[in-house]
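K.L.:
Pasting model12.cif here (mmCIF, C-alpha atoms and all ligand atoms):
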```cif
data_final
#
loop_
_atom_site.label_atom_id
_atom_site.label_comp_id
_atom_site.auth_asym_id
_atom_site.auth_seq_id
_atom_site.Cartn_x
_atom_site.Cartn_y
_atom_site.Cartn_z
CA MET A 1 -12.71 -4.81 -25.88
CA ALA A 2 -13.15 -8.59 -25.61
CA GLU A 3 -14.47 -9.74 -22.25
CA THR A 4 -12.17 -12.73 -22.03
CA THR A 5 -8.43 -12.31 -21.50
CA GLU A 6 -7.04 -13.16 -24.91
CA PRO A 7 -3.34 -13.25 -25.79
CA GLY A 8 -2.13 -9.72 -26.46
CA SER A 9 -1.95 -6.49 -24.55
CA TYR A 10 -4.08 -3.37 -24.11
CA PHE A 11 -1.56 -1.70 -21.83
CA VAL A 12 -0.36 1.64 -23.21
CA ALA A 13 3.22 2.29 -22.12
CA ASN A 14 4.07 5.08 -24.56
CA TYR A 15 3.01 6.89 -27.71
CA PRO A 16 3.57 6.62 -30.65
CA PRO A 17 3.38 2.82 -30.30
CA PHE A 18 6.58 0.78 -30.37
CA ASP A 19 5.77 -0.78 -33.75
CA ARG A 20 6.44 2.63 -35.32
CA TRP A 21 9.91 2.99 -33.82
CA ASN A 22 12.60 2.11 -36.34
CA GLU A 23 16.32 1.96 -36.94
CA ASN A 24 16.24 4.82 -39.47
CA ALA A 25 15.72 7.23 -36.58
CA VAL A 26 18.94 6.18 -34.82
CA GLU A 27 21.00 8.84 -36.63
CA GLN A 28 18.61 11.49 -35.29
CA VAL A 29 18.99 10.13 -31.77
CA PHE A 30 22.77 10.45 -32.12
CA SER A 31 22.28 14.04 -33.33
CA ALA A 32 19.99 14.82 -30.38
CA PHE A 33 22.68 13.56 -27.99
CA ASP A 34 25.18 15.78 -29.78
CA ALA A 35 23.07 18.95 -29.48
CA VAL A 36 22.22 21.21 -26.59
CA ALA A 37 19.14 19.77 -24.88
CA THR A 38 15.87 21.41 -23.95
CA ASP A 39 15.35 22.55 -20.37
CA ALA A 40 13.23 19.47 -19.54
CA ALA A 41 13.89 17.61 -16.30
CA LEU A 42 16.31 14.71 -16.64
CA GLY A 43 15.92 11.22 -15.24
CA LEU A 44 17.91 8.01 -15.47
CA TYR A 45 16.55 4.51 -15.98
CA LEU A 46 18.82 1.54 -15.47
CA HIS A 47 17.79 -1.91 -16.64
CA ILE A 48 19.07 -4.92 -14.70
CA PRO A 49 18.05 -7.84 -16.91
CA PHE A 50 18.59 -10.71 -14.46
CA CYS A 51 15.96 -12.78 -12.65
CA ARG A 52 16.14 -15.95 -10.60
CA LYS A 53 13.41 -17.51 -12.72
CA ARG A 54 11.20 -16.39 -15.62
CA CYS A 55 7.63 -15.70 -14.51
CA LYS A 56 5.17 -17.36 -16.86
CA PHE A 57 3.51 -14.02 -17.71
CA CYS A 58 6.75 -12.11 -18.31
CA TYR A 59 7.65 -10.66 -21.70
CA PHE A 60 10.66 -8.55 -20.66
CA ARG A 61 14.23 -9.05 -21.82
CA VAL A 62 15.56 -11.07 -18.86
CA TYR A 63 18.28 -13.67 -18.34
CA THR A 64 17.83 -16.36 -15.73
CA ASP A 65 20.88 -18.56 -16.01
CA VAL A 66 23.67 -16.14 -15.15
CA LYS A 67 26.94 -16.37 -13.30
CA ALA A 68 28.75 -13.75 -11.24
CA ALA A 69 31.07 -13.12 -14.18
CA ASP A 70 28.06 -12.22 -16.39
CA VAL A 71 26.77 -9.76 -13.79
CA GLU A 72 30.18 -8.15 -13.55
CA ARG A 73 30.61 -7.98 -17.32
CA TYR A 74 27.20 -6.33 -17.59
CA SER A 75 27.78 -3.89 -14.73
CA ASP A 76 31.08 -2.81 -16.28
CA ALA A 77 29.28 -2.22 -19.58
CA VAL A 78 26.57 -0.14 -17.90
CA ILE A 79 29.21 1.94 -16.09
CA HIS A 80 30.98 2.40 -19.40
CA GLU A 81 27.71 3.34 -21.09
CA ALA A 82 27.03 5.91 -18.34
CA ARG A 83 30.40 7.47 -19.10
CA LEU A 84 29.61 7.64 -22.83
CA VAL A 85 26.17 9.15 -22.22
CA ALA A 86 27.33 11.67 -19.63
CA ALA A 87 29.90 13.01 -22.10
CA GLN A 88 27.20 13.85 -24.68
CA LYS A 89 26.42 17.52 -25.19
CA ALA A 90 22.73 17.02 -24.44
CA VAL A 91 23.49 15.50 -21.04
CA GLN A 92 26.68 17.22 -19.86
CA GLY A 93 26.31 19.11 -16.61
CA ARG A 94 22.60 18.34 -16.18
CA VAL A 95 21.30 17.37 -12.75
CA LEU A 96 19.34 14.14 -12.40
CA LYS A 97 15.87 14.70 -10.99
CA TYR A 98 15.06 11.02 -10.59
CA VAL A 99 16.66 7.60 -10.91
CA TYR A 100 14.92 4.28 -11.47
CA PHE A 101 16.48 0.82 -11.14
CA GLY A 102 14.14 -1.54 -12.97
CA GLY A 103 14.30 -4.87 -14.66
CA GLY A 104 14.42 -7.70 -14.50
CA THR A 105 15.38 -7.77 -10.89
CA PRO A 106 17.78 -5.08 -9.68
CA SER A 107 17.96 -6.81 -6.28
CA PHE A 108 19.41 -9.89 -8.03
CA LEU A 109 22.81 -8.21 -7.54
CA SER A 110 24.79 -8.89 -4.37
CA VAL A 111 25.73 -6.08 -1.99
CA LYS A 112 29.25 -5.96 -3.40
CA GLN A 113 28.00 -5.93 -6.98
CA LEU A 114 25.55 -3.15 -6.17
CA GLN A 115 28.18 -1.04 -4.42
CA ARG A 116 30.53 -1.47 -7.34
CA LEU A 117 27.83 -0.62 -9.88
CA VAL A 118 26.57 2.45 -8.04
CA GLY A 119 30.12 3.63 -7.33
CA GLY A 120 30.92 3.35 -11.03
CA LEU A 121 27.74 5.17 -12.08
CA HIS A 122 28.49 7.99 -9.65
CA GLU A 123 31.70 8.73 -11.56
CA SER A 124 29.43 9.92 -14.40
CA PHE A 125 26.12 10.78 -12.76
CA GLY A 126 25.61 12.12 -9.26
CA TRP A 127 22.17 11.74 -7.84
CA ASN A 128 22.47 13.51 -4.52
CA GLU A 129 20.03 16.10 -5.80
CA ALA A 130 17.58 13.57 -7.23
CA GLU A 131 14.10 13.87 -5.77
CA GLU A 132 13.54 10.13 -5.98
CA VAL A 133 15.67 7.01 -6.40
CA THR A 134 13.48 3.94 -6.92
CA PHE A 135 14.74 0.39 -6.66
CA GLU A 136 12.66 -2.68 -7.61
CA CYS A 137 13.13 -5.82 -5.50
CA GLU A 138 12.10 -9.45 -5.70
CA PRO A 139 11.45 -10.69 -2.15
CA GLY A 140 13.54 -13.86 -2.39
CA THR A 141 16.68 -11.97 -3.40
CA LEU A 142 16.72 -9.82 -0.28
CA ALA A 143 18.64 -10.08 2.97
CA GLU A 144 18.89 -7.52 5.73
CA PRO A 145 22.42 -6.32 4.82
CA LYS A 146 21.31 -5.80 1.22
CA ILE A 147 18.41 -3.63 2.31
CA MET A 148 20.66 -1.59 4.56
CA ALA A 149 23.11 -1.21 1.67
CA LEU A 150 20.33 0.07 -0.61
CA LYS A 151 19.47 2.70 1.96
CA GLN A 152 23.11 3.75 2.17
CA LEU A 153 23.35 3.89 -1.62
CA GLY A 154 20.65 6.55 -1.63
CA VAL A 155 17.51 4.60 -2.53
CA THR A 156 14.50 6.65 -1.41
CA ARG A 157 11.69 4.49 -2.73
CA ILE A 158 11.85 0.72 -2.42
CA SER A 159 9.36 -1.28 -4.43
CA LEU A 160 8.66 -4.90 -3.56
CA GLY A 161 7.33 -7.19 -6.30
CA VAL A 162 4.88 -9.18 -4.19
CA GLU A 163 2.20 -9.77 -6.88
CA ASN A 164 0.23 -12.14 -4.60
CA PHE A 165 0.51 -13.65 -1.12
CA ASN A 166 -0.92 -17.06 -2.01
CA ASP A 167 1.88 -19.64 -2.41
CA SER A 168 -0.01 -21.87 -4.79
CA ILE A 169 -0.79 -18.89 -7.07
CA LEU A 170 2.80 -17.67 -6.89
CA GLU A 171 4.01 -21.12 -7.88
CA SER A 172 1.50 -21.62 -10.71
CA ASN A 173 2.56 -18.33 -12.24
CA GLY A 174 6.25 -19.18 -12.06
CA ARG A 175 7.23 -16.56 -9.48
CA ALA A 176 10.59 -17.25 -7.86
CA HIS A 177 9.46 -16.29 -4.34
CA LEU A 178 6.95 -17.55 -1.79
CA SER A 179 5.02 -15.64 0.87
CA ASN A 180 7.44 -16.32 3.75
CA GLU A 181 10.12 -14.47 1.79
CA ILE A 182 7.79 -11.49 1.40
CA PHE A 183 7.11 -11.21 5.13
CA ARG A 184 10.77 -11.63 6.02
CA ALA A 185 11.79 -8.94 3.53
CA TRP A 186 9.06 -6.59 4.66
CA ASP A 187 10.32 -6.64 8.27
CA TRP A 188 13.77 -5.59 7.08
CA ILE A 189 12.32 -2.92 4.80
CA GLU A 190 10.30 -1.43 7.64
CA LYS A 191 13.32 -1.48 9.91
CA ALA A 192 15.41 0.36 7.31
CA ASP A 193 12.84 3.19 7.28
CA PHE A 194 12.98 4.25 3.63
CA PRO A 195 11.29 7.56 2.80
CA SER A 196 8.82 5.61 0.68
CA THR A 197 7.78 1.96 0.35
CA ASN A 198 5.72 0.35 -2.41
CA ILE A 199 4.15 -3.06 -2.96
CA ASP A 200 3.24 -4.38 -6.43
CA LEU A 201 0.23 -6.64 -6.88
CA ILE A 202 -1.33 -8.25 -9.95
CA ALA A 203 -5.08 -8.84 -10.10
CA GLY A 204 -6.02 -11.99 -11.95
CA MET A 205 -2.97 -14.21 -11.90
CA VAL A 206 -3.67 -17.77 -13.02
CA GLY A 207 -5.54 -19.57 -10.23
CA GLU A 208 -6.88 -16.37 -8.63
CA THR A 209 -10.36 -16.48 -7.09
CA THR A 210 -12.38 -13.72 -5.48
CA GLU A 211 -11.53 -15.17 -2.10
CA SER A 212 -7.78 -15.43 -2.71
CA TRP A 213 -7.70 -11.91 -4.17
CA GLN A 214 -9.46 -10.46 -1.15
CA GLU A 215 -7.02 -12.25 1.14
CA THR A 216 -4.12 -10.80 -0.81
CA VAL A 217 -5.57 -7.30 -0.52
CA GLU A 218 -6.17 -7.69 3.23
CA THR A 219 -2.63 -8.95 3.76
CA ALA A 220 -1.19 -6.04 1.77
CA LEU A 221 -3.21 -3.68 3.93
CA LYS A 222 -1.69 -5.15 7.07
CA LEU A 223 1.80 -4.44 5.74
CA ALA A 224 0.71 -0.79 5.30
CA PRO A 225 3.06 0.30 2.49
CA ASP A 226 3.16 3.98 1.60
CA SER A 227 1.86 3.11 -1.86
CA LEU A 228 0.57 0.18 -3.84
CA THR A 229 0.67 -0.64 -7.50
CA ILE A 230 -2.00 -2.97 -8.88
CA TYR A 231 -1.90 -4.17 -12.48
CA GLN A 232 -4.52 -6.31 -14.18
CA MET A 233 -3.05 -9.52 -15.56
CA GLU A 234 -2.51 -9.60 -19.31
CA LEU A 235 -1.18 -12.36 -21.56
CA PRO A 236 1.32 -10.70 -23.88
CA TYR A 237 2.58 -12.79 -26.77
CA ASN A 238 6.01 -14.19 -26.06
CA THR A 239 5.17 -15.35 -22.55
CA VAL A 240 5.45 -18.91 -21.25
CA PHE A 241 1.67 -18.96 -20.74
CA VAL A 242 0.87 -18.03 -24.32
CA LYS A 243 3.53 -20.30 -25.80
CA SER A 244 2.42 -23.30 -23.81
CA SER A 245 -1.23 -22.69 -24.60
CA LYS A 246 -0.27 -22.81 -28.29
CA ASP A 247 1.57 -26.08 -27.71
CA ASN A 248 -1.05 -27.87 -25.65
CA GLY A 249 -4.16 -26.14 -26.98
CA GLU A 250 -5.32 -25.03 -23.53
CA ALA A 251 -5.64 -21.31 -22.79
CA ALA A 252 -4.13 -20.04 -19.52
CA ALA A 253 -6.94 -19.67 -16.99
CA VAL A 254 -6.88 -15.93 -16.45
CA ALA A 255 -10.08 -14.31 -15.18
CA ASP A 256 -12.04 -12.25 -17.71
CA TRP A 257 -11.74 -8.46 -17.83
CA PRO A 258 -15.00 -7.66 -15.96
CA THR A 259 -13.85 -9.93 -13.11
CA LYS A 260 -10.39 -8.36 -12.94
CA ARG A 261 -11.92 -4.89 -12.96
CA ALA A 262 -14.29 -5.90 -10.17
CA TRP A 263 -11.35 -7.19 -8.13
CA VAL A 264 -9.37 -3.95 -8.58
CA ASP A 265 -12.52 -1.96 -7.82
CA TRP A 266 -12.91 -3.92 -4.58
CA ALA A 267 -9.27 -3.34 -3.70
CA PHE A 268 -9.61 0.40 -4.41
CA ASP A 269 -12.63 0.61 -2.09
CA ARG A 270 -10.88 -1.37 0.60
CA PHE A 271 -7.75 0.79 0.51
CA VAL A 272 -9.68 4.05 0.31
CA LYS A 273 -11.58 2.99 3.42
CA ALA A 274 -8.25 2.34 5.14
CA GLY A 275 -6.96 5.85 4.41
CA TYR A 276 -5.42 5.61 0.93
CA SER A 277 -6.20 7.69 -2.17
CA ILE A 278 -6.35 6.54 -5.76
CA SER A 279 -3.48 8.21 -7.58
CA SER A 280 -3.84 6.53 -10.97
CA ALA A 281 -5.47 3.51 -12.62
CA TYR A 282 -2.79 1.38 -10.98
CA THR A 283 -1.70 3.18 -7.82
CA LEU A 284 -2.90 4.00 -4.34
CA VAL A 285 -1.07 6.22 -1.88
CA ARG A 286 -1.34 6.50 1.88
CA ASN A 287 -3.03 9.79 2.78
CA SER A 288 -1.05 10.34 5.95
CA LYS A 289 2.13 10.63 3.92
CA ASN A 290 2.97 12.94 1.11
CA VAL A 291 3.75 10.18 -1.37
CA GLU A 292 4.87 11.29 -4.82
CA PHE A 293 5.86 9.40 -7.94
CA ARG A 294 8.45 11.65 -9.45
CA TYR A 295 9.49 9.03 -12.02
CA ARG A 296 5.94 8.60 -13.29
CA ASP A 297 4.93 12.24 -13.13
CA MET A 298 8.02 13.72 -14.74
CA LEU A 299 8.27 11.04 -17.42
CA TRP A 300 4.59 11.29 -18.32
CA GLU A 301 4.85 15.08 -18.54
CA GLY A 302 7.68 14.97 -21.07
CA SER A 303 10.94 14.82 -19.09
CA ASP A 304 14.09 13.49 -20.73
CA LEU A 305 15.09 10.00 -19.67
CA VAL A 306 18.56 8.57 -20.15
CA ALA A 307 18.29 4.80 -20.61
CA LEU A 308 21.14 2.55 -19.54
CA GLY A 309 21.37 -1.17 -20.14
CA VAL A 310 20.25 -3.74 -22.66
CA ALA A 311 16.82 -3.09 -24.26
CA SER A 312 16.31 0.05 -22.14
CA PHE A 313 13.89 2.75 -23.31
CA GLY A 314 14.85 6.44 -23.24
CA HIS A 315 13.57 9.82 -24.34
CA LEU A 316 15.61 12.87 -25.31
CA SER A 317 14.56 16.23 -26.73
CA GLY A 318 11.27 14.81 -28.05
CA ILE A 319 12.86 11.68 -29.52
CA HIS A 320 12.09 8.20 -28.23
CA TYR A 321 14.82 5.59 -28.39
CA GLN A 322 15.70 2.08 -27.33
CA ASN A 323 19.01 0.37 -26.66
CA LYS A 324 20.10 -2.80 -28.43
CA THR A 325 17.93 -5.66 -27.28
CA HIS A 326 20.41 -8.54 -27.33
CA TRP A 327 23.20 -9.13 -24.86
CA ASP A 328 26.01 -9.60 -27.42
CA ASP A 329 24.95 -6.61 -29.55
CA TYR A 330 24.67 -4.37 -26.52
CA LEU A 331 28.08 -5.35 -25.14
CA ALA A 332 29.74 -5.11 -28.56
CA ALA A 333 28.49 -1.53 -29.02
CA ILE A 334 29.81 -0.50 -25.62
CA ASP A 335 33.16 -2.20 -26.30
CA ALA A 336 33.32 -0.16 -29.53
CA GLU A 337 32.72 3.03 -27.50
CA GLN A 338 29.33 3.62 -29.15
CA LEU A 339 25.97 4.47 -27.68
CA PRO A 340 24.13 1.11 -28.02
CA LEU A 341 21.09 2.48 -29.87
CA VAL A 342 18.89 0.15 -31.90
CA ARG A 343 15.79 2.16 -32.86
CA GLY A 344 14.01 5.42 -32.23
CA LEU A 345 11.18 7.67 -33.24
CA VAL A 346 11.24 11.41 -33.80
CA ALA A 347 7.87 12.42 -32.41
CA GLU A 348 5.99 15.34 -33.98
CA PRO A 349 4.68 17.97 -31.54
CA ARG A 350 1.14 16.64 -32.04
CA GLU A 351 2.34 13.14 -31.17
CA LEU A 352 3.99 14.45 -28.01
CA LEU A 353 0.69 16.10 -27.12
CA ILE A 354 -1.18 12.82 -27.62
CA ARG A 355 1.46 11.06 -25.55
CA GLU A 356 1.05 13.42 -22.61
CA LEU A 357 -2.72 13.35 -22.95
CA VAL A 358 -3.09 9.57 -22.87
CA LEU A 359 -0.45 9.04 -20.19
CA GLY A 360 -2.07 11.84 -18.15
CA LEU A 361 -5.46 10.16 -18.42
CA LYS A 362 -3.99 7.10 -16.74
CA LYS A 363 -3.88 9.26 -13.61
CA GLY A 364 -7.63 9.72 -13.89
CA SER A 365 -7.67 13.36 -14.84
CA VAL A 366 -5.72 15.45 -17.31
CA ASP A 367 -4.85 19.14 -17.09
CA THR A 368 -5.80 20.29 -20.58
CA ALA A 369 -4.90 23.93 -19.80
CA ARG A 370 -1.27 22.86 -19.29
CA LEU A 371 -1.31 20.92 -22.56
CA ARG A 372 -2.93 23.83 -24.44
CA THR A 373 -0.21 26.18 -23.20
CA LYS A 374 2.57 23.72 -24.02
CA PHE A 375 1.37 22.54 -27.45
CA GLY A 376 -1.00 25.28 -28.67
CA ILE A 377 -3.86 22.82 -29.23
CA ASP A 378 -6.86 22.56 -26.93
CA PRO A 379 -7.48 18.85 -26.30
CA LEU A 380 -11.07 19.61 -25.28
CA ILE A 381 -11.80 20.99 -28.76
CA GLU A 382 -9.49 18.68 -30.73
CA TRP A 383 -11.03 15.51 -29.34
CA SER A 384 -14.48 16.88 -28.43
CA GLU A 385 -16.37 13.93 -29.93
CA ILE A 386 -14.34 11.40 -27.98
CA TRP A 387 -14.91 13.26 -24.70
CA SER A 388 -18.68 13.33 -25.37
CA GLU A 389 -18.76 9.65 -26.20
CA LEU A 390 -16.77 8.77 -23.07
CA CYS A 391 -19.28 10.79 -21.03
CA GLU A 392 -22.25 9.08 -22.66
CA LYS A 393 -20.77 5.67 -21.90
CA GLY A 394 -20.22 6.58 -18.26
CA PHE A 395 -16.42 6.50 -18.46
CA LEU A 396 -15.95 10.26 -17.99
CA LYS A 397 -17.54 12.66 -15.52
CA PRO A 398 -19.48 15.56 -17.10
CA ILE A 399 -16.86 18.09 -18.19
CA GLU A 400 -19.01 21.25 -17.76
CA ASN A 401 -16.60 24.17 -17.35
CA SER A 402 -13.64 22.16 -16.18
CA ASN A 403 -10.26 22.12 -17.90
CA SER A 404 -9.55 18.73 -16.38
CA PRO A 405 -11.62 15.89 -17.85
CA THR A 406 -11.89 13.27 -15.13
CA LEU A 407 -12.59 9.57 -15.59
CA THR A 408 -15.22 7.82 -13.53
CA ARG A 409 -14.12 4.76 -11.56
CA GLN A 410 -15.40 2.53 -14.40
CA GLY A 411 -13.38 4.58 -16.88
CA LEU A 412 -10.28 4.43 -14.74
CA LEU A 413 -10.53 0.66 -14.32
CA GLN A 414 -10.32 0.15 -18.08
CA VAL A 415 -8.38 3.23 -19.07
CA ASP A 416 -5.91 1.39 -21.32
CA SER A 417 -8.73 0.17 -23.54
CA LEU A 418 -10.02 3.76 -23.91
CA LEU A 419 -6.79 5.47 -24.90
CA HIS A 420 -6.35 4.08 -28.42
CA GLN A 421 -9.16 6.28 -29.76
CA PHE A 422 -6.99 9.36 -29.16
CA PHE A 423 -4.23 7.92 -31.34
CA ASP A 424 -3.76 9.29 -34.87
CA LYS A 425 -4.62 6.69 -37.48
S1 LIG A 501 10.52 -10.93 -11.80
FE1 LIG A 501 9.65 -9.42 -13.23
S2 LIG A 501 11.15 -9.19 -14.84
FE2 LIG A 501 11.70 -11.07 -13.71
S3 LIG A 501 10.73 -12.72 -14.85
FE3 LIG A 501 9.29 -12.07 -13.26
S4 LIG A 501 7.98 -10.49 -14.24
FE4 LIG A 501 9.79 -10.79 -15.52
#
```
Can you give me the file's structure in the form of structure tokens?
P.N.:
Amino acid sequence: MAETTEPGSYFVANYPPFDRWNENAVEQVFSAFDAVATDAALGLYLHIPFCRKRCKFCYFRVYTDVKAADVERYSDAVIHEARLVAAQKAVQGRVLKYVYFGGGTPSFLSVKQLQRLVGGLHESFGWNEAEEVTFECEPGTLAEPKIMALKQLGVTRISLGVENFNDSILESNGRAHLSNEIFRAWDWIEKADFPSTNIDLIAGMVGETTESWQETVETALKLAPDSLTIYQMELPYNTVFVKSSKDNGEAAAVADWPTKRAWVDWAFDRFVKAGYSISSAYTLVRNSKNVEFRYRDMLWEGSDLVALGVASFGHLSGIHYQNKTHWDDYLAAIDAEQLPLVRGLVAEPRELLIRELVLGLKKGSVDTARLRTKFGIDPLIEWSEIWSELCEKGFLKPIENSNSPTLTRQGLLQVDSLLHQFFDK
């Protein structure tokens, strides 16, 4: 792994990697929807692709110059898509275990637009029995009535995209909000008393120093969320930062990897001292509360996930799939009463095992006995050389008689750079 932060990404979001997904698999995704599903848990992910402004490090499919009519057109399409999906044999009658509103910025929608969208979705999918309904928010899009509406709509976990509390850093990285909007929103969120609150931070945004990072961590601590998510800044291709560095020849000033790891390490120590536990390479949870991440845990352990919206990623009966990635294509498919699929991948059982192994390791420890029972392969034997090497390098604690290989803090802090060695060539 290079020490400097070069353009590109180490982050492992899924396996097999997206560059292997292809349009030839779409027919098999259609067939999977038309067949009786497995007994896996079922979740729903809904992509809201609107943002007030494009952050300079963002590589997601988002639209920033939208009018109310665009939001309504999109919401109608998503409601329509929900109807098409819910009628599929593989989905009919199944109970949603979790729901996730991501983006983009789900809180970009007004109260009325949200009520209309959720009302429409409920005609196809009820989520009264869901164990978790997560909703991502951008601070500057919030107002007290909107937060109260989210609570009434059944959101159980509200996640605030803070990223940093320093206004000059927020501005340099193209964030749409400033710190006063964070504090204002947080007061309303606390007042609404959601079952679970989360704050997102990014270590190593352009302009970050050790001092500014420590201030951000201390401020987050004062807000006392139930959980925190901390990502280390990357520079994926296709971001404003990478494009402008190509144009002007100057690389974006992102701290190197050892520095970012040291910052996250410091934050982990600080939060642990304040009564939080490390729940994965990117998350901390308050000990005094029984905080769970049903979305993460179920998805990483092989649940089905219905994806709604443009460019959304789903998973059904062992098949990965993605929706059409362009606005017009997505809407045209829905207008034609078709599932808007663009590509997929039929994963082999061994690939599903690798997927659960590498995603599990992101939590710091993986239950190999569960994987052995599920897939009939013992990961400790199958990848014995890799485990030994990780131990020798100090990234893994000695395994001894354990069925749960556990990363050291150093291993956890760079887990995404360690996972690729488990991939099949
Ligand atoms: S708010 Fe999130 S999705 Fe929107 S532009 Fe910024 S990083 Fe991308």
K.L.:
Give me, as JSON lines, the closest atom pair and its distance (Å, one decimal) for every residue of region 134-251 of chain A within a cut-off of 12 Å of region 7-31 of chain A, counting only C-alpha atoms, rows sorted by chain and rising number.
P.N.:
```
{"residue": "A:Tyr231", "atom": "CA", "partner": "A:Phe11", "partner_atom": "CA", "distance": 9.7}
{"residue": "A:Gln232", "atom": "CA", "partner": "A:Phe11", "partner_atom": "CA", "distance": 9.4}
{"residue": "A:Met233", "atom": "CA", "partner": "A:Ser9", "partner_atom": "CA", "distance": 9.6}
{"residue": "A:Glu234", "atom": "CA", "partner": "A:Ser9", "partner_atom": "CA", "distance": 6.1}
{"residue": "A:Leu235", "atom": "CA", "partner": "A:Pro7", "partner_atom": "CA", "distance": 4.8}
{"residue": "A:Pro236", "atom": "CA", "partner": "A:Gly8", "partner_atom": "CA", "distance": 4.4}
{"residue": "A:Tyr237", "atom": "CA", "partner": "A:Gly8", "partner_atom": "CA", "distance": 5.6}
{"residue": "A:Asn238", "atom": "CA", "partner": "A:Gly8", "partner_atom": "CA", "distance": 9.3}
{"residue": "A:Thr239", "atom": "CA", "partner": "A:Pro7", "partner_atom": "CA", "distance": 9.3}
{"residue": "A:Val240", "atom": "CA", "partner": "A:Pro7", "partner_atom": "CA", "distance": 11.4}
{"residue": "A:Phe241", "atom": "CA", "partner": "A:Pro7", "partner_atom": "CA", "distance": 9.1}
{"residue": "A:Val242", "atom": "CA", "partner": "A:Pro7", "partner_atom": "CA", "distance": 6.5}
{"residue": "A:Lys243", "atom": "CA", "partner": "A:Pro7", "partner_atom": "CA", "distance": 9.8}
{"residue": "A:Ser244", "atom": "CA", "partner": "A:Pro7", "partner_atom": "CA", "distance": 11.8}
{"residue": "A:Ser245", "atom": "CA", "partner": "A:Pro7", "partner_atom": "CA", "distance": 9.7}
{"residue": "A:Lys246", "atom": "CA", "partner": "A:Pro7", "partner_atom": "CA", "distance": 10.3}
{"residue": "A:Ala251", "atom": "CA", "partner": "A:Pro7", "partner_atom": "CA", "distance": 8.9}
```
K.L.:
Please build the interface table for chain A against ligand LIG 501 (chain A) with a cut-off of 8 Å, listing for each qualifying residue the nearest atom pair and the distance in Å to one decimal; count only C-alpha atoms and all ligand atoms, order rows by chain and increasing number, and write it as JSON lines.
P.N.:
```
{"residue": "A:Pro49", "atom": "CA", "partner": "A:LIG501", "partner_atom": "S2", "distance": 7.3}
{"residue": "A:Phe50", "atom": "CA", "partner": "A:LIG501", "partner_atom": "FE2", "distance": 6.9}
{"residue": "A:Cys51", "atom": "CA", "partner": "A:LIG501", "partner_atom": "FE2", "distance": 4.7}
{"residue": "A:Arg52", "atom": "CA", "partner": "A:LIG501", "partner_atom": "FE2", "distance": 7.3}
{"residue": "A:Lys53", "atom": "CA", "partner": "A:LIG501", "partner_atom": "S3", "distance": 5.9}
{"residue": "A:Arg54", "atom": "CA", "partner": "A:LIG501", "partner_atom": "S3", "distance": 3.8}
{"residue": "A:Cys55", "atom": "CA", "partner": "A:LIG501", "partner_atom": "FE3", "distance": 4.2}
{"residue": "A:Lys56", "atom": "CA", "partner": "A:LIG501", "partner_atom": "S3", "distance": 7.5}
{"residue": "A:Phe57", "atom": "CA", "partner": "A:LIG501", "partner_atom": "S4", "distance": 6.7}
{"residue": "A:Cys58", "atom": "CA", "partner": "A:LIG501", "partner_atom": "FE4", "distance": 4.3}
{"residue": "A:Tyr59", "atom": "CA", "partner": "A:LIG501", "partner_atom": "FE4", "distance": 6.5}
{"residue": "A:Phe60", "atom": "CA", "partner": "A:LIG501", "partner_atom": "FE4", "distance": 5.7}
{"residue": "A:Arg61", "atom": "CA", "partner": "A:LIG501", "partner_atom": "S2", "distance": 7.6}
{"residue": "A:Val62", "atom": "CA", "partner": "A:LIG501", "partner_atom": "S2", "distance": 6.3}
{"residue": "A:Gly103", "atom": "CA", "partner": "A:LIG501", "partner_atom": "S2", "distance": 5.3}
{"residue": "A:Gly104", "atom": "CA", "partner": "A:LIG501", "partner_atom": "S2", "distance": 3.6}
{"residue": "A:Thr105", "atom": "CA", "partner": "A:LIG501", "partner_atom": "FE2", "distance": 5.7}
{"residue": "A:Glu138", "atom": "CA", "partner": "A:LIG501", "partner_atom": "S1", "distance": 6.5}
{"residue": "A:Gly161", "atom": "CA", "partner": "A:LIG501", "partner_atom": "S1", "distance": 7.4}
{"residue": "A:Gly174", "atom": "CA", "partner": "A:LIG501", "partner_atom": "FE3", "distance": 7.8}
{"residue": "A:Arg175", "atom": "CA", "partner": "A:LIG501", "partner_atom": "FE3", "distance": 6.2}
{"residue": "A:Ala176", "atom": "CA", "partner": "A:LIG501", "partner_atom": "S1", "distance": 7.4}
```
K.L.:
Can you list, as a ChimeraX atom specification, every protein, DNA or RNA residue that comes within 9 Å of Val78 (chain A) when you count all atoms listed in the file, leaving out same-chain residues fewer than 3 positions away?
P.N.:
/A:46,73-75,81-83,117,120-121,308-310,334
K.L.:
Compute the distance from (-10.5, -5.5, -7.0) to each atom, counting all atoms listed in the file, keep the residues with any atom at most 12 Å away, and return them as a ChimeraX atom specification; use the coordinates of the file.
P.N.:
/A:201-204,208-218,230-232,257-271,281-282,409-410,413
K.L.:
Which residue, A:Trp186, A:Tyr63, A:Phe165, A:Trp127, has the smallest gap to Leu44 (chain A) when you use only C-alpha atoms?
P.N.:
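Smallest distance to Leu44 (chain A) is found for A:Trp127.
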K.L.:
If you measure from CA of Glu123 (chain A) to CA of Glu292 (chain A), what distance in Å do you get, rounded to one decimal?
P.N.:
27.8 Å
K.L.:
Using all atoms listed in the file, can you list as a VMD selection string the residues within 10 Å of (10.2, 0.7, 2.6)?
P.N.:
chain A and resid 147 151 155 to 160 185 to 199 224 to 227
K.L.:
What is the CA of Ser172 (chain A)-CA of Leu142 (chain A) distance in Å, reported with one decimal?
P.N.:
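Here the two named atoms are 21.9 Å from each other.
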K.L.:
Which residue out of A:Val342, A:Val415, A:Cys391, A:Ile399 has the minimum interatomic distance to Val358 (chain A) when only C-alpha atoms are used?
P.N.:
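Result for the nearest residue to Val358 (chain A): A:Val415.
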